[in-house]
file upload.txt (compact mmCIF, C-alpha atoms)
# COMPACT_ATOMS: atom_id res chain seq x y z
CA MET A 1 0.00 0.00 0.00
CA GLU A 2 1.34 3.45 -0.87
CA ASN A 3 2.60 5.68 1.94
CA LYS A 4 -0.07 8.27 1.16
CA SER A 5 -2.73 5.57 1.40
CA LEU A 6 -1.29 4.39 4.73
CA GLU A 7 -1.37 7.91 6.10
CA THR A 8 -4.93 8.43 4.88
CA HIS A 9 -6.10 5.18 6.51
CA SER A 10 -4.37 6.02 9.80
CA GLU A 11 -5.74 9.55 9.94
CA THR A 12 -9.29 8.39 9.20
CA ILE A 13 -9.14 5.64 11.83
CA ASN A 14 -7.64 7.97 14.44
CA GLU A 15 -10.45 10.45 13.81
CA LYS A 16 -12.93 7.63 14.42
CA LEU A 17 -11.28 6.71 17.71
CA GLN A 18 -11.24 10.34 18.89
CA GLN A 19 -14.75 11.16 17.67
CA TRP A 20 -16.32 11.08 21.14
CA LYS A 21 -14.12 14.03 22.17
CA THR A 22 -15.55 16.18 19.37
CA ILE A 23 -19.29 15.66 19.97
CA PRO A 24 -20.90 18.43 22.10
CA LEU A 25 -23.17 17.35 24.96
CA ASN A 26 -25.13 19.93 26.97
CA ILE A 27 -26.86 18.86 30.19
CA ALA A 28 -28.99 21.46 31.99
CA ILE A 29 -29.55 21.36 35.75
CA THR A 30 -32.33 23.56 37.07
CA GLY A 31 -34.45 24.00 40.18
CA GLU A 32 -35.11 26.37 43.05
CA SER A 33 -32.28 27.92 45.09
CA GLY A 34 -30.77 25.65 47.72
CA SER A 35 -31.85 22.46 45.98
CA GLY A 36 -28.31 21.28 45.26
CA LYS A 37 -27.95 22.18 41.57
CA SER A 38 -24.43 23.53 41.82
CA THR A 39 -23.35 20.66 44.05
CA MET A 40 -24.62 18.20 41.45
CA VAL A 41 -22.70 20.04 38.72
CA ASN A 42 -19.51 19.66 40.76
CA THR A 43 -20.11 16.00 41.59
CA LEU A 44 -20.66 15.07 37.95
CA ARG A 45 -17.39 16.84 37.15
CA GLY A 46 -15.56 15.02 39.94
CA LEU A 47 -14.91 18.27 41.85
CA LYS A 48 -15.41 19.60 45.38
CA PRO A 49 -16.64 23.16 46.12
CA ARG A 50 -13.12 24.12 47.25
CA ASP A 51 -11.59 23.17 43.90
CA LYS A 52 -10.54 26.04 41.66
CA GLU A 53 -12.86 25.23 38.74
CA ALA A 54 -15.86 24.26 40.88
CA ALA A 55 -19.28 25.88 40.63
CA PRO A 56 -19.97 28.11 43.68
CA VAL A 57 -22.42 26.60 46.15
CA GLY A 58 -24.45 28.10 48.98
CA VAL A 59 -27.87 28.32 50.61
CA LYS A 60 -28.63 31.49 48.64
CA GLU A 61 -29.19 31.57 44.89
CA THR A 62 -25.61 31.61 43.59
CA THR A 63 -26.59 31.14 39.93
CA MET A 64 -27.69 34.45 38.41
CA ASP A 65 -27.31 33.51 34.72
CA PRO A 66 -27.10 30.24 32.74
CA THR A 67 -23.55 29.13 33.46
CA PRO A 68 -21.70 26.37 31.58
CA TYR A 69 -19.13 24.27 33.44
CA LEU A 70 -16.78 22.20 31.28
CA HIS A 71 -15.95 18.69 32.34
CA PRO A 72 -12.22 18.56 33.21
CA LYS A 73 -11.72 15.39 31.12
CA ASN A 74 -13.65 16.64 28.11
CA PRO A 75 -14.54 20.30 27.41
CA LYS A 76 -17.22 19.18 24.92
CA LEU A 77 -19.29 17.92 27.87
CA LYS A 78 -20.91 20.99 29.40
CA LEU A 79 -23.00 20.94 32.57
CA TRP A 80 -25.19 24.02 32.69
CA ASP A 81 -26.17 25.47 36.07
CA LEU A 82 -29.44 27.28 35.35
CA PRO A 83 -31.06 29.83 37.68
CA GLY A 84 -34.44 28.85 39.06
CA MET A 85 -37.66 29.81 37.32
CA GLY A 86 -40.01 32.40 38.78
CA THR A 87 -37.52 35.00 40.02
CA LEU A 88 -37.79 38.70 39.16
CA LYS A 89 -34.99 38.29 36.63
CA PHE A 90 -36.41 35.08 35.13
CA PRO A 91 -40.22 35.07 35.36
CA ALA A 92 -41.94 31.87 34.28
CA ALA A 93 -43.39 33.42 31.12
CA GLU A 94 -39.92 34.30 29.80
CA TYR A 95 -37.86 31.46 31.23
CA ILE A 96 -37.86 29.06 28.26
CA GLU A 97 -36.75 31.74 25.81
CA LYS A 98 -34.15 33.31 28.11
CA MET A 99 -32.63 29.93 29.02
CA GLU A 100 -32.47 28.92 25.34
CA CYS A 101 -33.88 25.53 26.29
CA LYS A 102 -33.75 24.21 22.73
CA LYS A 103 -29.95 23.89 22.86
CA TYR A 104 -29.79 21.40 25.75
CA ASP A 105 -29.72 17.62 25.29
CA PHE A 106 -31.09 16.69 28.71
CA PHE A 107 -32.63 18.38 31.76
CA LEU A 108 -32.35 17.55 35.45
CA ILE A 109 -35.09 19.24 37.52
CA VAL A 110 -33.81 19.27 41.10
CA SER A 111 -35.73 19.82 44.33
CA HIS A 112 -34.97 19.17 47.99
CA THR A 113 -38.66 19.25 48.98
CA ARG A 114 -41.80 19.11 46.87
CA PHE A 115 -41.61 20.05 43.20
CA SER A 116 -43.20 23.44 42.49
CA GLU A 117 -45.63 24.96 40.03
CA HIS A 118 -42.65 26.48 38.25
CA ASP A 119 -41.16 23.00 37.77
CA LEU A 120 -44.44 21.83 36.26
CA HIS A 121 -44.51 24.84 33.93
CA LEU A 122 -41.02 23.89 32.78
CA VAL A 123 -42.05 20.25 32.27
CA LYS A 124 -44.91 21.31 30.03
CA ALA A 125 -42.57 23.42 27.90
CA LEU A 126 -39.93 20.68 27.70
CA THR A 127 -42.56 18.15 26.67
CA GLU A 128 -43.62 20.43 23.83
CA LEU A 129 -39.97 20.78 22.80
CA LYS A 130 -39.59 16.96 22.97
CA LYS A 131 -36.70 17.26 25.41
CA ASN A 132 -35.64 14.49 27.80
CA PHE A 133 -35.92 15.34 31.50
CA VAL A 134 -36.01 13.71 34.93
CA PHE A 135 -36.97 14.77 38.44
CA VAL A 136 -34.17 14.63 41.02
CA ARG A 137 -35.04 14.67 44.72
CA SER A 138 -31.92 15.81 46.58
CA ARG A 139 -30.77 15.77 50.24
CA MET A 140 -31.75 12.15 50.78
CA ASP A 141 -28.63 11.80 52.94
CA ILE A 142 -30.31 14.16 55.40
CA ASP A 143 -33.96 13.13 55.09
CA ILE A 144 -33.48 9.36 55.28
CA PRO A 145 -31.60 9.28 58.63
CA ASN A 146 -34.03 11.84 60.10
CA GLN A 147 -37.11 9.86 59.04
CA MET A 148 -35.59 6.59 60.22
CA ASP A 149 -34.86 8.15 63.61
CA ASP A 150 -38.20 9.95 63.94
CA TYR A 151 -40.49 7.11 62.88
CA GLY A 152 -38.42 3.97 63.40
CA ILE A 153 -38.73 2.87 59.77
CA SER A 154 -36.14 1.44 57.37
CA GLU A 155 -34.23 3.27 54.63
CA GLU A 156 -36.24 1.47 51.95
CA GLU A 157 -39.51 2.50 53.61
CA VAL A 158 -38.42 6.14 53.68
CA LYS A 159 -37.46 6.03 49.99
CA LYS A 160 -40.75 4.36 49.12
CA GLU A 161 -42.77 7.05 50.93
CA VAL A 162 -40.83 9.92 49.36
CA ARG A 163 -41.10 8.45 45.86
CA GLU A 164 -44.84 7.71 46.17
CA ASP A 165 -45.52 11.21 47.50
CA ILE A 166 -43.70 12.80 44.54
CA GLN A 167 -45.37 10.46 42.04
CA LYS A 168 -48.83 11.23 43.37
CA TYR A 169 -48.27 14.98 43.28
CA LEU A 170 -46.84 14.94 39.75
CA LYS A 171 -49.53 12.63 38.39
CA ASP A 172 -52.23 14.78 39.98
CA GLN A 173 -50.67 17.73 38.13
CA GLY A 174 -50.79 15.96 34.79
CA VAL A 175 -47.34 14.32 34.58
CA PRO A 176 -48.33 10.72 33.68
CA ASP A 177 -45.07 8.78 34.02
CA PRO A 178 -42.46 10.81 35.92
CA HIS A 179 -38.90 9.50 36.14
CA ILE A 180 -37.74 10.20 39.70
CA PHE A 181 -34.31 9.70 41.26
CA LEU A 182 -33.52 10.07 44.96
CA VAL A 183 -29.95 11.25 45.49
CA ASN A 184 -27.29 12.77 47.65
CA CYS A 185 -25.90 15.44 45.31
CA ARG A 186 -22.46 15.13 46.90
CA GLN A 187 -21.86 11.46 46.07
CA GLN A 188 -22.24 9.46 42.86
CA THR A 189 -21.98 6.17 44.72
CA THR A 190 -24.93 6.44 47.13
CA TYR A 191 -28.71 6.11 46.78
CA GLU A 192 -29.85 6.46 43.14
CA PHE A 193 -27.19 8.77 41.71
CA SER A 194 -25.63 6.02 39.58
CA ASP A 195 -29.11 5.02 38.33
CA LEU A 196 -29.68 8.64 37.35
CA VAL A 197 -26.43 8.85 35.40
CA GLN A 198 -27.17 5.57 33.65
CA TYR A 199 -30.68 6.73 32.72
CA ILE A 200 -29.23 9.87 31.15
CA TRP A 201 -26.69 8.08 28.94
CA ASN A 202 -29.22 5.41 27.95
CA ASN A 203 -31.47 8.16 26.58
CA LEU A 204 -28.81 9.86 24.47
CA PRO A 205 -27.87 9.14 20.82
CA ASP A 206 -24.90 6.74 20.51
CA LEU A 207 -22.21 9.36 19.88
CA LYS A 208 -23.39 11.61 22.71
CA ARG A 209 -23.67 8.56 24.92
CA ALA A 210 -19.99 7.81 24.28
CA THR A 211 -19.15 11.45 25.05
CA MET A 212 -20.78 11.15 28.47
CA VAL A 213 -19.64 7.65 29.41
CA LEU A 214 -15.99 8.10 28.42
CA SER A 215 -15.80 11.50 30.14
CA LEU A 216 -17.07 10.43 33.58
CA ARG A 217 -15.08 8.54 36.20
CA ALA A 218 -15.55 4.79 36.67
CA VAL A 219 -16.93 4.93 40.23
CA THR A 220 -19.72 2.36 39.86
CA GLU A 221 -19.98 -1.08 38.29
CA GLY A 222 -22.63 0.19 35.88
CA MET A 223 -20.17 2.79 34.61
CA VAL A 224 -17.44 0.16 34.22
CA ASN A 225 -19.81 -1.99 32.15
CA ALA A 226 -20.80 0.95 29.94
CA LYS A 227 -17.19 2.01 29.38
CA THR A 228 -16.10 -1.56 28.63
CA GLU A 229 -18.88 -1.96 26.07
CA ILE A 230 -17.87 1.20 24.21
CA LEU A 231 -14.12 0.48 24.41
CA ARG A 232 -14.63 -3.04 23.08
CA LYS A 233 -16.48 -1.70 20.04
CA GLU A 234 -13.51 0.58 19.35
CA ILE A 235 -10.99 -2.28 19.26
CA LYS A 236 -11.62 -3.02 15.59
CA TRP A 237 -10.52 0.53 14.75
CA SER A 238 -7.28 0.16 16.69
CA ALA A 239 -6.71 -3.18 14.95
CA LEU A 240 -7.24 -1.48 11.60
CA MET A 241 -4.69 1.14 12.60
CA SER A 242 -2.21 -1.66 13.27
CA ALA A 243 -3.03 -3.24 9.91
CA SER A 244 -2.32 0.08 8.20
CA GLY A 245 1.30 0.04 9.34
CA GLY A 246 3.52 -0.04 12.40
CA ALA A 247 3.35 -3.78 13.14
CA VAL A 248 6.70 -5.55 13.61
CA PRO A 249 7.57 -9.24 14.12
CA ILE A 250 7.50 -10.41 17.75
CA PRO A 251 10.46 -12.62 18.82
CA GLY A 252 9.35 -16.19 19.40
CA VAL A 253 5.92 -15.59 17.86
CA SER A 254 5.02 -16.17 14.20
CA ILE A 255 2.96 -12.99 14.05
CA ALA A 256 3.47 -9.22 13.79
CA ALA A 257 2.04 -6.65 16.19
CA ASP A 258 2.20 -2.93 16.89
CA ILE A 259 3.38 -3.02 20.52
CA SER A 260 3.37 0.78 20.79
CA LEU A 261 -0.27 0.98 19.70
CA ILE A 262 -1.30 -1.87 22.04
CA SER A 263 0.60 -0.28 24.92
CA GLY A 264 -1.09 3.08 24.34
CA ASN A 265 -4.51 1.46 24.33
CA THR A 266 -3.65 -0.47 27.49
CA LEU A 267 -2.82 2.72 29.39
CA TYR A 268 -6.04 4.27 28.04
CA TYR A 269 -8.10 1.31 29.34
CA ILE A 270 -6.41 1.52 32.74
CA GLU A 271 -7.26 5.22 33.02
CA GLN A 272 -10.81 4.87 31.65
CA LEU A 273 -11.61 2.01 34.04
CA GLY A 274 -10.19 3.75 37.08
CA LEU A 275 -7.05 1.76 37.87
CA ASP A 276 -4.45 4.52 37.45
CA ASP A 277 -3.06 6.14 40.62
CA GLU A 278 -5.09 9.35 40.36
CA SER A 279 -8.36 7.45 39.88
CA LEU A 280 -7.61 5.08 42.76
CA GLU A 281 -6.90 8.01 45.08
CA LEU A 282 -10.25 9.61 44.21
CA LEU A 283 -12.05 6.28 44.57
CA ALA A 284 -10.46 5.70 47.98
CA LYS A 285 -11.82 9.07 49.15
CA GLU A 286 -15.24 8.32 47.66
CA TYR A 287 -15.53 5.04 49.58
CA ASP A 288 -13.57 6.13 52.68
CA THR A 289 -10.82 3.55 52.33
CA THR A 290 -7.13 3.43 51.34
CA VAL A 291 -5.40 3.17 47.97
CA ALA A 292 -3.32 0.29 49.34
CA TYR A 293 -6.48 -1.69 50.14
CA LEU A 294 -7.88 -1.08 46.66
CA LYS A 295 -4.60 -2.11 44.99
CA GLU A 296 -4.70 -5.44 46.83
CA ASN A 297 -7.61 -6.36 44.57
CA ILE A 298 -5.81 -5.68 41.27
CA ARG A 299 -4.71 -8.97 39.70
CA GLY A 300 -4.26 -9.32 35.92
CA THR A 301 -3.63 -5.62 35.36
CA SER A 302 -0.67 -5.44 37.78
CA ALA A 303 1.88 -6.70 35.22
CA LEU A 304 0.45 -4.37 32.55
CA ILE A 305 1.00 -1.41 34.89
CA ALA A 306 4.48 -2.46 36.03
CA SER A 307 5.98 -3.73 32.73
CA PRO A 308 3.53 -3.11 29.88
CA ARG A 309 5.74 -4.21 26.96
CA GLU A 310 6.75 -7.50 28.56
CA ALA A 311 3.19 -8.22 29.70
CA ILE A 312 1.79 -7.51 26.23
CA ILE A 313 4.29 -9.85 24.55
CA THR A 314 3.44 -12.54 27.12
CA ILE A 315 -0.27 -12.19 26.29
CA LEU A 316 0.48 -12.30 22.55
CA ARG A 317 2.51 -15.48 22.89
CA ALA A 318 -0.21 -17.12 24.99
CA LEU A 319 -2.86 -16.23 22.43
CA VAL A 320 -0.82 -17.58 19.53
CA LEU A 321 0.13 -20.79 21.33
CA GLY A 322 -3.49 -21.22 22.33
CA GLY A 323 -4.60 -20.84 18.72
CA ALA A 324 -6.71 -17.71 19.35
CA ALA A 325 -4.81 -15.12 17.32
CA THR A 326 -4.91 -16.83 13.95
CA ILE A 327 -6.00 -15.31 10.69
CA SER A 328 -8.77 -17.85 10.11
CA THR A 329 -10.53 -17.00 13.38
CA ILE A 330 -11.26 -13.45 12.22
CA GLY A 331 -13.06 -14.64 9.09
CA GLU A 332 -15.44 -12.26 7.41
CA ALA A 333 -14.68 -9.42 9.84
CA LEU A 334 -11.31 -8.93 8.13
CA LYS A 335 -12.66 -8.14 4.70
CA MET A 336 -12.81 -4.47 5.61
CA THR A 337 -9.07 -4.42 6.33
CA ILE A 338 -7.97 -5.40 2.82
CA VAL A 339 -10.03 -2.96 0.80
CA GLY A 340 -7.58 -0.81 -1.15
CA MET A 341 -4.52 -2.78 0.01
CA ALA A 342 -1.93 -4.11 -2.42
CA ALA A 343 -2.04 -7.89 -2.78
CA GLY A 344 1.43 -8.32 -1.31
CA SER A 345 0.49 -6.56 1.92
CA VAL A 346 -2.70 -8.48 2.65
CA VAL A 347 -1.21 -11.34 4.68
CA SER A 348 0.94 -9.12 6.90
CA SER A 349 -1.91 -6.64 7.37
CA VAL A 350 -4.38 -9.35 8.36
CA SER A 351 -1.79 -10.81 10.73
CA ALA A 352 -1.34 -7.42 12.39
CA PHE A 353 -5.10 -6.94 12.62
CA ALA A 354 -5.58 -10.36 14.23
CA SER A 355 -2.80 -9.94 16.79
CA THR A 356 -3.95 -6.48 17.82
CA TYR A 357 -7.64 -7.39 17.87
CA PHE A 358 -7.28 -10.41 20.11
CA THR A 359 -4.62 -8.90 22.37
CA LEU A 360 -6.64 -5.74 23.04
CA ASN A 361 -9.77 -7.80 23.73
CA LYS A 362 -7.84 -9.89 26.25
CA ILE A 363 -6.28 -6.83 27.90
CA LEU A 364 -9.62 -5.01 28.12
CA THR A 365 -11.16 -8.05 29.82
CA LEU A 366 -8.30 -8.17 32.34
CA VAL A 367 -8.60 -4.46 33.16
CA SER A 368 -12.41 -4.55 33.32
CA ASP A 369 -12.40 -7.57 35.64
CA ASP A 370 -9.92 -5.86 37.95
CA SER A 371 -11.98 -2.67 37.93
CA HIS A 372 -15.05 -4.65 39.02
CA ARG A 373 -12.98 -6.40 41.69
CA VAL A 374 -11.71 -3.09 43.08
CA LEU A 375 -15.20 -1.56 43.16
CA GLN A 376 -16.68 -4.64 44.83
CA ALA A 377 -13.97 -4.42 47.51
CA ALA A 378 -14.70 -0.71 48.02
CA ILE A 379 -18.44 -1.37 48.30
CA ALA A 380 -17.80 -4.19 50.79
CA ILE A 381 -15.61 -2.05 53.04
CA ARG A 382 -18.21 0.74 53.04
CA ALA A 383 -20.99 -1.71 53.92
CA LYS A 384 -18.88 -3.14 56.73
CA LYS A 385 -18.23 0.30 58.20
CA LEU A 386 -21.92 1.24 57.99
CA SER A 387 -22.86 -2.01 59.71
CA GLU A 388 -20.36 -1.34 62.49
CA GLU A 389 -21.70 2.20 62.94
CA MET A 390 -25.29 0.95 63.19
CA SER A 391 -24.25 -1.68 65.73
CA THR A 392 -22.51 0.98 67.81
CA GLN A 393 -25.57 3.25 67.73
CA GLN A 394 -27.80 0.40 68.91
call {"tool": "encode", "arguments": {"input": "upload.txt", "output": "structure tokens"}}
result
Amino acid sequence: MENKSLETHSETINEKLQQWKTIPLNIAITGESGSGKSTMVNTLRGLKPRDKEAAPVGVKETTMDPTPYLHPKNPKLKLWDLPGMGTLKFPAAEYIEKMECKKYDFFLIVSHTRFSEHDLHLVKALTELKKNFVFVRSRMDIDIPNQMDDYGISEEEVKKEVREDIQKYLKDQGVPDPHIFLVNCRQQTTYEFSDLVQYIWNNLPDLKRATMVLSLRAVTEGMVNAKTEILRKEIKWSALMSASGGAVPIPGVSIAADISLISGNTLYYIEQLGLDDESLELLAKEYDTTVAYLKENIRGTSALIASPREAIITILRALVLGGAATISTIGEALKMTIVGMAAGSVVSSVSAFASTYFTLNKILTLVSDDSHRVLQAAIAIRAKKLSEEMSTQQ
């Protein structure tokens, strides 16, 4: 294949792999003052109020104009902190136009008590605009313990009562099938915050879904599953990149592979699935545990972190000896790799595709399994501490 053709293939494939970073996604968060809007903006961005780029929070209305906050991992993901409806500056009759509601992809309507008439006015307008929205009941971390203590009922009973009360009110006001999530705006890993995030990405077009999923941190098992699904679909593009050039023979293995490309993808998977040092530190704080404890649960990924090149070659050899990374096992899926290629380059290109495809699939499985193992350990230690606290209180 000509050098120009190689370059064209590589550039096109790289654009495909980076496409999620170029797709704009605008999520609007609105509600009355003090409901936790700004806190939710910060939590979705992985920030605390004290952080330099955080949205200001407070009991007073701190949002005076629609304010976009860029996600630190991807500036194309914007979380908009909208001022509440019904103020002197933003009366209900002018709110939709002044907020430019048509430009947002999704709306979160947040309240820490009962949803208001202004919220219902907004819902009516969003329904007419065919916009996706959900109701978010905040401060459950305060209300649940109080209700449990006051009435001697369980956490699930409190959540059931709150949800049914909101559902009844909204249905009485003409909202037939409201989607309601009960959250603590400060934590993605408690109550129904992770369910909320998953509902949002499941109701976005594929490209915008990838923008959201690959931008957020892997702090729940649902997020790990979503990231793994998207990353696995991208493997064929990385394999095509390898087939377009860069693959070299591997000593002791009758196959060629682009070790640099595989290594780069490996580090990307480790970061995306939360096993790099920075992610583990944040996860340890989220679950009130230590990085050392979390690292004890990392198995297959350990060698990839410590000595990536050697670990990758070991995986390649195992796949070849096991008969997995052979040309025949790719079959029809490889037809796309040889379009436009010179006849003499077909065999080597298919070999590179096969080695990269199977190796990256194996590595992604190893990293994903470890990510699940780490999260399960974090969840277990949190549950143990909560159980001990409840026993002490009794």
call {"tool": "residues_around", "arguments": {"input": "upload.txt", "residues": "Gly31 of chain A", "least_positions_apart": "2", "cutoff": "12 Å", "atoms": "all atoms listed in the file", "output": "PyMOL selection string"}}
result
chain A and resi 28-29+33-38+40+61+63+80-87+107-123+134-138
call {"tool": "residues_around", "arguments": {"input": "upload.txt", "residues": "segment 371-384 of chain A", "least_positions_apart": "6", "cutoff": "7 Å", "atoms": "all atoms listed in the file", "output": "tab-separated table (two decimals) with C-alpha atoms, in the frame of the given file"}}
result
chain	number	residue	atom	x	y	z
A	220	THR	CA	-19.72	2.36	39.86
A	221	GLU	CA	-19.98	-1.08	38.29
A	273	LEU	CA	-11.61	2.01	34.04
A	274	GLY	CA	-10.19	3.75	37.08
A	275	LEU	CA	-7.05	1.76	37.87
A	287	TYR	CA	-15.53	5.04	49.58
A	294	LEU	CA	-7.88	-1.08	46.66
A	297	ASN	CA	-7.61	-6.36	44.57
A	298	ILE	CA	-5.81	-5.68	41.27
call {"tool": "closest_residue", "arguments": {"input": "upload.txt", "among": "A:Asp206, A:Glu234, A:Glu281, A:Glu388", "to": "Glu15 of chain A", "atoms": "all atoms listed in the file"}}
result
A:Glu234
call {"tool": "atom_distance", "arguments": {"input": "upload.txt", "atom1": "atom CA of Tyr191 of chain A", "atom2": "atom CA of Met140 of chain A"}}
result
7.9 Å
call {"tool": "closest_residue", "arguments": {"input": "upload.txt", "among": "A:Met223, A:Leu207, A:Ala243, A:Ile144", "to": "Ser351 of chain A", "atoms": "all atoms listed in the file"}}
result
A:Ala243
call {"tool": "atom_distance", "arguments": {"input": "upload.txt", "atom1": "atom CA of Leu267 of chain A", "atom2": "atom CA of Thr356 of chain A"}}
result
14.8 Å
call {"tool": "closest_residue", "arguments": {"input": "upload.txt", "among": "A:Asp177, A:Lys21, A:Cys185, A:Arg317", "to": "Ile142 of chain A", "atoms": "only C-alpha atoms"}}
result
A:Cys185
call {"tool": "atom_distance", "arguments": {"input": "upload.txt", "atom1": "atom CA of Leu282 of chain A", "atom2": "atom CA of Ser387 of chain A"}}
result
23.1 Å
call {"tool": "residues_near_point", "arguments": {"input": "upload.txt", "point": "(-4.1, 2.4, 45.3)", "cutoff": "9 Å", "atoms": "all atoms listed in the file", "output": "list in words"}}
result
Leu275, Asp276, Asp277, Glu278, Ser279, Leu280, Glu281, Leu283, Ala284, Thr290, Val291, Ala292, Tyr293, Leu294, Lys295 and Glu296 of chain A
call {"tool": "residues_near_point", "arguments": {"input": "upload.txt", "point": "(-8.9, -3.3, 13.4)", "cutoff": "8 Å", "atoms": "all atoms listed in the file", "output": "JSON list (two decimals) with C-alpha atoms, keeping the file's coordinate frame"}}
result
[["chain", "number", "residue", "atom", "x", "y", "z"],
["A", 235, "ILE", "CA", -10.99, -2.28, 19.26],
["A", 236, "LYS", "CA", -11.62, -3.02, 15.59],
["A", 237, "TRP", "CA", -10.52, 0.53, 14.75],
["A", 238, "SER", "CA", -7.28, 0.16, 16.69],
["A", 239, "ALA", "CA", -6.71, -3.18, 14.95],
["A", 240, "LEU", "CA", -7.24, -1.48, 11.60],
["A", 241, "MET", "CA", -4.69, 1.14, 12.60],
["A", 242, "SER", "CA", -2.21, -1.66, 13.27],
["A", 243, "ALA", "CA", -3.03, -3.24, 9.91],
["A", 337, "THR", "CA", -9.07, -4.42, 6.33],
["A", 353, "PHE", "CA", -5.10, -6.94, 12.62],
["A", 354, "ALA", "CA", -5.58, -10.36, 14.23],
["A", 356, "THR", "CA", -3.95, -6.48, 17.82],
["A", 357, "TYR", "CA", -7.64, -7.39, 17.87]]
call {"tool": "residues_around", "arguments": {"input": "upload.txt", "residues": "Ala54 of chain A", "least_positions_apart": "6", "cutoff": "9 Å", "atoms": "all atoms listed in the file", "output": "VMD selection string"}}
result
chain A and resid 38 to 39 41 to 42 45 47 to 48 69
call {"tool": "residues_around", "arguments": {"input": "upload.txt", "residues": "segment 72-77 of chain A", "least_positions_apart": "4", "cutoff": "10 Å", "atoms": "all atoms listed in the file", "output": "number ranges by chain"}}
result
A: 20-27, 45-47, 53, 68, 208, 211-212, 214-217
call {"tool": "write_last_selection", "arguments": {"input": "upload.txt", "atoms": "C-alpha atoms", "output": "mmCIF file, keeping the file's coordinate frame"}}
result
data_model
loop_
_atom_site.group_PDB
_atom_site.id
_atom_site.type_symbol
_atom_site.label_atom_id
_atom_site.label_comp_id
_atom_site.auth_asym_id
_atom_site.auth_seq_id
_atom_site.Cartn_x
_atom_site.Cartn_y
_atom_site.Cartn_z
ATOM 1 C CA TRP A 20 -16.320 11.080 21.140
ATOM 2 C CA LYS A 21 -14.120 14.030 22.170
ATOM 3 C CA THR A 22 -15.550 16.180 19.370
ATOM 4 C CA ILE A 23 -19.290 15.660 19.970
ATOM 5 C CA PRO A 24 -20.900 18.430 22.100
ATOM 6 C CA LEU A 25 -23.170 17.350 24.960
ATOM 7 C CA ASN A 26 -25.130 19.930 26.970
ATOM 8 C CA ILE A 27 -26.860 18.860 30.190
ATOM 9 C CA ARG A 45 -17.390 16.840 37.150
ATOM 10 C CA GLY A 46 -15.560 15.020 39.940
ATOM 11 C CA LEU A 47 -14.910 18.270 41.850
ATOM 12 C CA GLU A 53 -12.860 25.230 38.740
ATOM 13 C CA PRO A 68 -21.700 26.370 31.580
ATOM 14 C CA LYS A 208 -23.390 11.610 22.710
ATOM 15 C CA THR A 211 -19.150 11.450 25.050
ATOM 16 C CA MET A 212 -20.780 11.150 28.470
ATOM 17 C CA LEU A 214 -15.990 8.100 28.420
ATOM 18 C CA SER A 215 -15.800 11.500 30.140
ATOM 19 C CA LEU A 216 -17.070 10.430 33.580
ATOM 20 C CA ARG A 217 -15.080 8.540 36.200
#
call {"tool": "closest_residue", "arguments": {"input": "upload.txt", "among": "A:Ala93, A:Leu231, A:Val57, A:Cys101", "to": "Gln272 of chain A", "atoms": "only C-alpha atoms"}}
result
A:Leu231
